[in-house]
Amino acid sequence: MITHRFTWLSAGLLLSRVCSMPTNCRLKRRLVETCHNLLMSMGDRFPLRCIDDRVLVPFPKTAFEYNTSHQAGAIKQSVYVTLKFIYSVFDNDEVPEQWDGQQFEDFQNIMFRQIEESECVRTKSNCRPNIKDYPFRLPFQIIQQNSCFRSQFQFRINKKIESLEDFYNRESVLREYFGKLTTVLKEKDFQYCAWEFVRNEIQHVLLFILKTDLDGLFFGRG
């Protein structure tokens, strides 16, 4: 009996934590557009002398493909971790002197702001129980007394697990991609052409994300 009660209590605590998370948690399209524009304007077009330094690093577009609304959470998390990977790549003291220093600093600051303000994307849930219908009840008591709600709770937990597994698969291919970009920088000793290759790649990454968000799934206003 104690073990059973503890199990429901744990579930109740999880539910109360999940349901207390922000309900209006969206990435901001305007900030991503600004970062893309800054990345383009901080340097010149890809230098002809660097063409031989270009390597094939296919971008994993599959990380942003979706067929059902249940994949929305995993998709938004994929965009979020992509921004974190981008910030990590450029968080380096050996960027080219040829780049506009102020624009590069603005790019880093805005990217950091987007990541900090959208951290809730990693933990947001759509669970919104009406606690007012159960005054003076703890979460585990609500679940126990309402079979419909208990079934719904289990359904949401299962969907959340599926969403997490989906996200981890997407994160894995993204991590591999950005790991290859970092390897290019290291192998070429962080030289100018290597940085230009990476800057060009990430311009296309941001542009791809902006163009893919045709249904407004990734971003909110602002």
# chains A, B, ... in the order shown; residues from 1 in each chain; ligands from 1
call {"tool": "residues_around", "arguments": {"residues": "range 181-185 of chain A", "least_positions_apart": "2", "cutoff": "9 Å", "atoms": "only C-alpha atoms", "output": "number ranges by chain"}}
result
A: 55, 57, 89, 176-179, 187-191, 194-195, 197-198, 201
call {"tool": "residues_around", "arguments": {"residues": "Leu207 in chain A", "least_positions_apart": "6", "cutoff": "12 Å", "atoms": "only C-alpha atoms", "output": "list of chain:residue names"}}
result
A:Arg29, A:Val32, A:Glu33, A:Thr34, A:Cys35, A:His36, A:Asn37, A:Leu39, A:Met40, A:Asn200, A:Glu201, A:Asp213
call {"tool": "residues_around", "arguments": {"residues": "Glu105 in chain A", "least_positions_apart": "6", "cutoff": "10 Å", "atoms": "only C-alpha atoms", "output": "PyMOL selection string"}}
result
chain A and resi 38+42+111
call {"tool": "atom_distance", "arguments": {"atom1": "CA of Cys50 in chain A", "atom2": "CA of Gln102 in chain A"}}
result
23.9 Å
call {"tool": "closest_residue", "arguments": {"among": "A:Leu27, A:Ile110, A:Val95, A:Ile51", "to": "Lys76 in chain A", "atoms": "only C-alpha atoms"}}
result
A:Leu27
call {"tool": "atom_distance", "arguments": {"atom1": "CA of Val81 in chain A", "atom2": "CA of Glu65 in chain A"}}
result
15.3 Å
